[in-house]
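S.K.: This is the structure I have questions about; it appears just below.
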Amino acid sequence: MIKTWHLGDDRQSLVLASHDGRLPEVVYWGLALPDGEALEPLAAAAIMDVTGGMVDENAPTSLSPEASRTFPGQTGLTVRDADGAVLRPNFVIHSEEQSGNQIILTFVDTECGLTIIFDLSLTAETSLLRLQTRLQSKDDIIVDWLAAPVLPAPAHTNEMIEFSGRWCSEFQTCRLPVAPGARVRDNRTGRTDHAHFPGLIVCSKATSNTAGDAYAFHYGWSGGHKMVAEELADGRRQVQFGHATSSMAKGKSFETAPLYATFSDSGFNGTAVRFQRHVRTQIVRDARTPRPVHYNCWEAIYFDHKLEDLKSIADRAAELGAERFVLDDGWFGRRDDDTTSLGDWTIDPRKYPNGLTPLIDHVTSLGMEFGIWYEPEMINEDSDLYRAHPEWVLGPADQTRGRQQLVLDMARRDVRDYLFDQMSAVLGAHKIGYVKWDHNRVLPIVDAAQTDGVYELFDRLRVAFPHIEFESCSSGGGRIDFGILERTQRVWLSDSNDALERQRIQHDAALFLPASVTGSHVGPRHCHTSGRVIGMSLRAWTAAQRHMGFEMDPRELTPQEAETLKAVTQWWKANRDWLMSADILRLDTVDPAVIAEIQVAEDDQKFAAFAALARPSDQILPYPVRLAGLDPQAFYRISLANRDEAHHLSRGAPLLKSQDMSVSGQYLMSHGLTLPWRFPETIWVIEGQRVSA
Ligand code: GLA
């Protein structure tokens with residue numbers, strides 16, 4: 001007996017088949033199948049042959065491959081009874097529900113007392129799959145591994161892109177061949193982490209930003225994930241995502257985070273745009289529009305808070321165009337450096353003898369919103385909180401410290417209540433519209449209850465202070481995932497304000513993140529994390545590619561720098577209404593020294609393209625930059641937004657240097673735009689306006 005299910009829209013189809021009531025497997029995932037396609041033959045055709053050296057029936061790569069069926073690879077569930085004896089469930093169907101684009105399939109093993117539920121849906125607006133597994137047991141069990149619904153990687157794919165990184169260099173991509181055996185990433189840091197963005201793209205060698213098949217995955221969880229991408233000896237491939245090994249405790253009820261996935265045949269931009277749109281429209285809630293120009297004082301003053309300095313910084317920031325002022329670390333306890341006071345969330349009377357109100361009043365009188373920094377999950381030993389509650393610390397007493405700090409056990413209700421009360425006292429008594437929520441160390445133990453506790457605290461605060469926007473920061477981009485983005489409206493992508501490094505990080509993060517949530521700041525002239533000196537134009541335009549902000553001491557700016565920054569900020573404000581909901585498409589550049597992208601408006605009427613020259617090119621003259629995402633039949637008026645930056649060493653006369661031009665989308669995408677020669681570490685900004693259909 002074969003049962004089949006179809007989940008799809010006009011862009012992709014996912015077909016599931018179950019034989020004789022057993023766990024279903026995906027028998028098709030790719031471009032949308034035509035209406036009327038019979039699914040049973042697809043299921044029957046997918047039954048694998050058997051030959052020498054094999055068991056007599058191949059176990060399916062089901063939504064949770066089972067050890068009990070002699071599955072020859074990593075299983076989808078590893079579970080033990082309360083005494084530690086391994087269970088090998090053999091699930092059979094119990095019930096099914098399908099309504100619209102959601103399918104819920106329930107399977108049971110009565111002997112083991114286990115129920116496994118697969119919750120599968122497709123969001124029509126964004127064509128993103130959302131897949132979740134739940135496991136229930138009649139007795140206490142220990143779950144070492146529970147995979148979200150397992151998906152196949154089709155045979156014609158042969159490469160995959162993984163993500164790693166480090167502090168100040170997040171979202172590094174690593175393109176690897178698919179090879180026999182399992183590629184496993186088990187993130188044991190207890191947070192999403194710089195080194196482990198929970199994403200994967202399976203593709204073929206030929207897949208580029210603009211063309212080719214791409215299967216993209218993201219696990220929406222902030223507590224550390226495990227990924228298994230495996231090619232079996234028989235040639236089949238499977239992709240599994242779940243919580244990091246053994247991070248789920250003993251209990252009767254377990255669930256994975258949602259696994260988001262999508263297929264596109266139009267390259268990495270095809271999947272990237274779906275993820276970006278999904279974040280904007282389905283994940284993030286209550287984001288302020290228009291997105292305010294941000295100012296953060298961290299790199300201007302660090303722990304040295306002086307009211308008069310802060311006021312004059314706020315004056316300058318407002319003049320430059322800032323609309324939000326964020327007071328960073330150092331305002332609470334006796335926090336003069338990073339050895340003390342985390343946990344004591346009361347205003348430091350030495351620095352603020354009259355409280356925060358004088359500063360907040362000043363900031364708001366300048367027309368800016370006031371924001372404030374917290375690191376709620378952390379505690380210093382030198383704090384009143386630690387002296388009162390050393391037992392609130394997560395992990396063993398002799399653990400290694402991180403940034404001289406320890407972590408609070410967020411699974412404890414009393415800890416969360418304390419934090420809620422402390423934060424509410426400040427947030428409730430002041431005009432505060434924004435909280436930067438930091439998390440500056442890895443955890444001493446990996447436990448999903450810690451993340452659940454953090455989510456619960458976030459959710460309570462969001463209900464209590466619905467007007468406050470939250471930012472997720474974790475030494476920069478250490479906690480970026482759809483789980484945290486359901487509770488926040490912005491991520492601090494990286495502590496690197498080095499515009500060149502930012503170009504690369506932003507470019508790769510755009511595989512999943514839209515501009516509206518991606519914080520990007522103009523840093524100090526001498527970059528504090530790389531030591532480089534980068535011109536204001538590149539710094540400002542780089543920030544203008546995402547949710548724009550400043551982080552330097554604005555009093556350091558020369559009149560020329562201030563003028564450039566003001567002009568770019570004004571450009572951003574004039575365009576942000578459409579830019580913040582635009583699709584970001586990464587451009588395939590012939591010159592590896594060029595990092596380029598195009599942002600296309602939702603209504604397809606305009607675009608802005610950014611082409612940064614990160615280092616000197618090998619050849620003398622620039623290659624044309626081929627655009628993407630345009631209507632080939634439409635004509636566009638093209639201009640260079642920063643034409644006045646052409647250098648006198650550019651002595652020729654490419655048209656765009658002196659005037660606008662009108663060309664077809666076809667020309668722009670097939671031939672590309674010839675840009676004037678320029679120095680390395682500069683950027684051209686191209687504006688396009690559709691002039692006819
Ligand atoms: C982390 C953040 C920074 C800043 C400092 C404050 O490093 O990433 O942006 O807030 O903490 O201590």
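Ordered as shown in the structure tokens, chains take letters A, B, and onward, while each chain numbers its residues from 1 and ligands are numbered from 1 in the order shown.
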Env of Ala249 (chain A): 12 Å cut, atoms = only C-alpha atoms, seq-sep filter 2 positions within chain, self excluded. Answer as a PyMOL selection string.
M.R.: chain A and resi 79-80+82+140-146+243-247+251-255+411+446-450
S.K.: For the structure I just gave you, how does DSSP split region 8-211 of chain A - specifically, which residues are helix (DSSP H, G or I)? Reply as a compact mmCIF listing (two decimals) with C-alpha atoms, in the first residue's frame.
M.R.:
```txt
# COMPACT_ATOMS: atom_id res chain seq x y z
CA LEU A 39 2.14 10.67 -7.42
CA GLU A 40 1.88 6.92 -6.87
CA PRO A 41 4.01 6.06 -9.90
CA LEU A 42 6.65 8.47 -8.62
CA ALA A 43 6.62 6.63 -5.31
CA ALA A 44 6.82 3.23 -6.96
CA ALA A 45 9.57 4.38 -9.32
CA ALA A 67 17.97 2.00 12.85
CA SER A 68 15.28 -0.68 13.13
CA ARG A 69 15.10 -0.84 9.33
```
S.K.: Please find the residues contacting ligand 1 at a distance of at most 7 Å between atoms, with only C-alpha atoms and all ligand atoms counted, and report them as a PyMOL selection string.
M.R.: chain A and resi 298+328-329+338+373+438+440+473-476+495
S.K.: Tell me, as a ChimeraX atom specification, which residues lie within 8 Å of region 511-518 of chain A, counting only C-alpha atoms; anything in the same chain fewer than 2 positions away does not count.
M.R.: /A:268-269,271-273,275-277,279-280,291,489-493,507-509,520,545-547,579-584
S.K.: Work out how far apart CA of Thr569 (chain A) and CA of Val522 (chain A) are and give it in Å to one decimal.
M.R.: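 It comes out at 10.6 Å.
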S.K.: Have a look at A:Leu232, A:Cys168, A:Leu627, A:Ala214 and name the one nearest to Ala182 (chain A); count only C-alpha atoms.
M.R.: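 Ranked by minimum distance to Ala182 (chain A), first place goes to A:Leu232.
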S.K.: If we count only C-alpha atoms, what is near Leu200 (chain A) at a cut-off of 8 Å, once residues fewer than 6 positions away on the same chain are taken out, given as a list in words?
M.R.: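 The filter keeps Met160, Ile161, Glu162, Phe163, Ala216, Phe217 and His218 of chain A.
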S.K.: Give me, as an MDAnalysis selection string, all polymer residues having an atom no more than 8 Å from region 639-645 of chain A, counting only C-alpha atoms and skipping those fewer than 3 positions away in the same chain.
M.R.: chainID A and resid 656:661 684:688
S.K.: Taking only C-alpha atoms into account, name the residue in A:Pro554, A:Gly21, A:Pro622, A:Gly235 that is nearest to Ser95 (chain A).
M.R.: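 For Ser95 (chain A), the nearest of the given residues is A:Gly21.
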S.K.: Identify which of the residues A:Asp452, A:Asp35, A:Thr339, A:Met1 lies closest to His19 (chain A), counting only C-alpha atoms when measuring atom-to-atom distances.
M.R.: A:Met1
S.K.: Residues within 10 Å of Trp221 (chain A), please, as a list of chain:residue names. Count only C-alpha atoms; anything in the same chain fewer than 2 positions from it doesn't count.
M.R.: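 Residues near the query, excluding close chain neighbours: A:Arg191, A:Thr192, A:Pro198, A:His218, A:Tyr219, A:Gly223, A:Gly224, A:His225, A:Gly242, A:His243, A:Thr256, A:Ala257, A:Pro258, A:Leu259, A:Ala448, A:Thr451, A:Asp452, A:Arg479, A:Ile480, A:Asp481, A:Phe482, A:Gly483, A:Ile484, A:Leu485.
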S.K.: Which is closer to Asp498 (chain A) than all the others in A:Ser169, A:Gln599, A:Leu655, A:Trp392, using only C-alpha atoms?
M.R.: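 Result for the nearest residue to Asp498 (chain A): A:Ser169.
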S.K.: Quick one: residues within 8 Å of region 404-410 of chain A, only C-alpha atoms counted, chain neighbours fewer than 2 positions away excluded, as a CSV table (one decimal) with N, CA and C atoms, in the first residue's frame?
M.R.:
```
chain,number,residue,atom,x,y,z
A,338,ASP,N,35.5,45.5,31.7
A,338,ASP,CA,34.6,44.3,31.5
A,338,ASP,C,34.9,43.2,32.6
A,339,THR,N,35.4,43.6,33.7
A,339,THR,CA,35.6,42.6,34.8
A,339,THR,C,34.4,42.6,35.8
A,342,LEU,N,28.2,42.8,35.6
A,342,LEU,CA,27.1,42.2,34.8
A,342,LEU,C,26.2,41.5,35.8
A,377,GLU,N,21.9,37.6,30.1
A,377,GLU,CA,22.2,36.3,30.5
A,377,GLU,C,23.6,36.1,31.2
A,378,MET,N,24.3,37.2,31.5
A,378,MET,CA,25.6,37.1,32.0
A,378,MET,C,25.8,37.7,33.4
A,379,ILE,N,26.8,37.2,34.1
A,379,ILE,CA,27.1,37.7,35.4
A,379,ILE,C,28.6,37.7,35.7
A,380,ASN,N,29.0,38.8,36.3
A,380,ASN,CA,30.4,38.8,36.8
A,380,ASN,C,30.5,38.4,38.2
A,381,GLU,N,31.6,37.8,38.6
A,381,GLU,CA,31.8,37.4,40.0
A,381,GLU,C,31.8,38.7,40.9
A,392,TRP,N,23.1,30.7,41.1
A,392,TRP,CA,22.4,31.0,39.8
A,392,TRP,C,23.3,30.8,38.6
A,393,VAL,N,24.5,30.5,38.8
A,393,VAL,CA,25.5,30.3,37.7
A,393,VAL,C,25.3,29.0,36.9
A,394,LEU,N,25.3,29.0,35.6
A,394,LEU,CA,25.2,27.8,34.8
A,394,LEU,C,26.6,27.1,34.8
A,401,ARG,N,36.4,30.9,32.5
A,401,ARG,CA,35.6,32.1,32.2
A,401,ARG,C,35.8,32.6,30.8
A,402,GLY,N,34.8,33.3,30.3
A,402,GLY,CA,34.9,33.9,29.0
A,402,GLY,C,34.6,35.4,29.1
A,412,ARG,N,16.2,28.5,35.1
A,412,ARG,CA,15.6,28.8,36.4
A,412,ARG,C,14.6,29.9,36.3
A,413,ARG,N,13.4,29.7,36.8
A,413,ARG,CA,12.4,30.7,36.8
A,413,ARG,C,12.8,31.9,37.6
A,415,VAL,N,15.7,33.1,38.2
A,415,VAL,CA,16.7,33.9,37.4
A,415,VAL,C,16.0,34.8,36.4
A,416,ARG,N,15.0,34.2,35.7
A,416,ARG,CA,14.3,35.0,34.7
A,416,ARG,C,13.4,36.1,35.3
A,441,ARG,N,29.7,35.4,25.3
A,441,ARG,CA,30.6,34.3,25.5
A,441,ARG,C,29.9,33.0,25.2
A,443,LEU,N,28.8,29.1,26.0
A,443,LEU,CA,28.2,28.5,27.2
A,443,LEU,C,29.1,27.4,27.8
A,444,PRO,N,29.1,27.2,29.1
A,444,PRO,CA,30.0,26.2,29.7
A,444,PRO,C,29.4,24.8,29.4
A,449,ALA,N,17.5,23.9,27.3
A,449,ALA,CA,16.7,24.6,28.3
A,449,ALA,C,17.2,26.0,28.5
A,450,GLN,N,18.5,26.3,28.3
A,450,GLN,CA,19.0,27.6,28.4
A,450,GLN,C,18.4,28.5,27.3
A,451,THR,N,18.4,28.0,26.1
A,451,THR,CA,17.8,28.8,25.0
A,451,THR,C,16.3,28.9,25.2
A,453,GLY,N,14.8,29.2,27.9
A,453,GLY,CA,14.6,30.2,29.0
A,453,GLY,C,14.9,31.6,28.4
A,454,VAL,N,15.9,31.7,27.6
A,454,VAL,CA,16.1,33.1,27.0
A,454,VAL,C,14.9,33.5,26.1
```
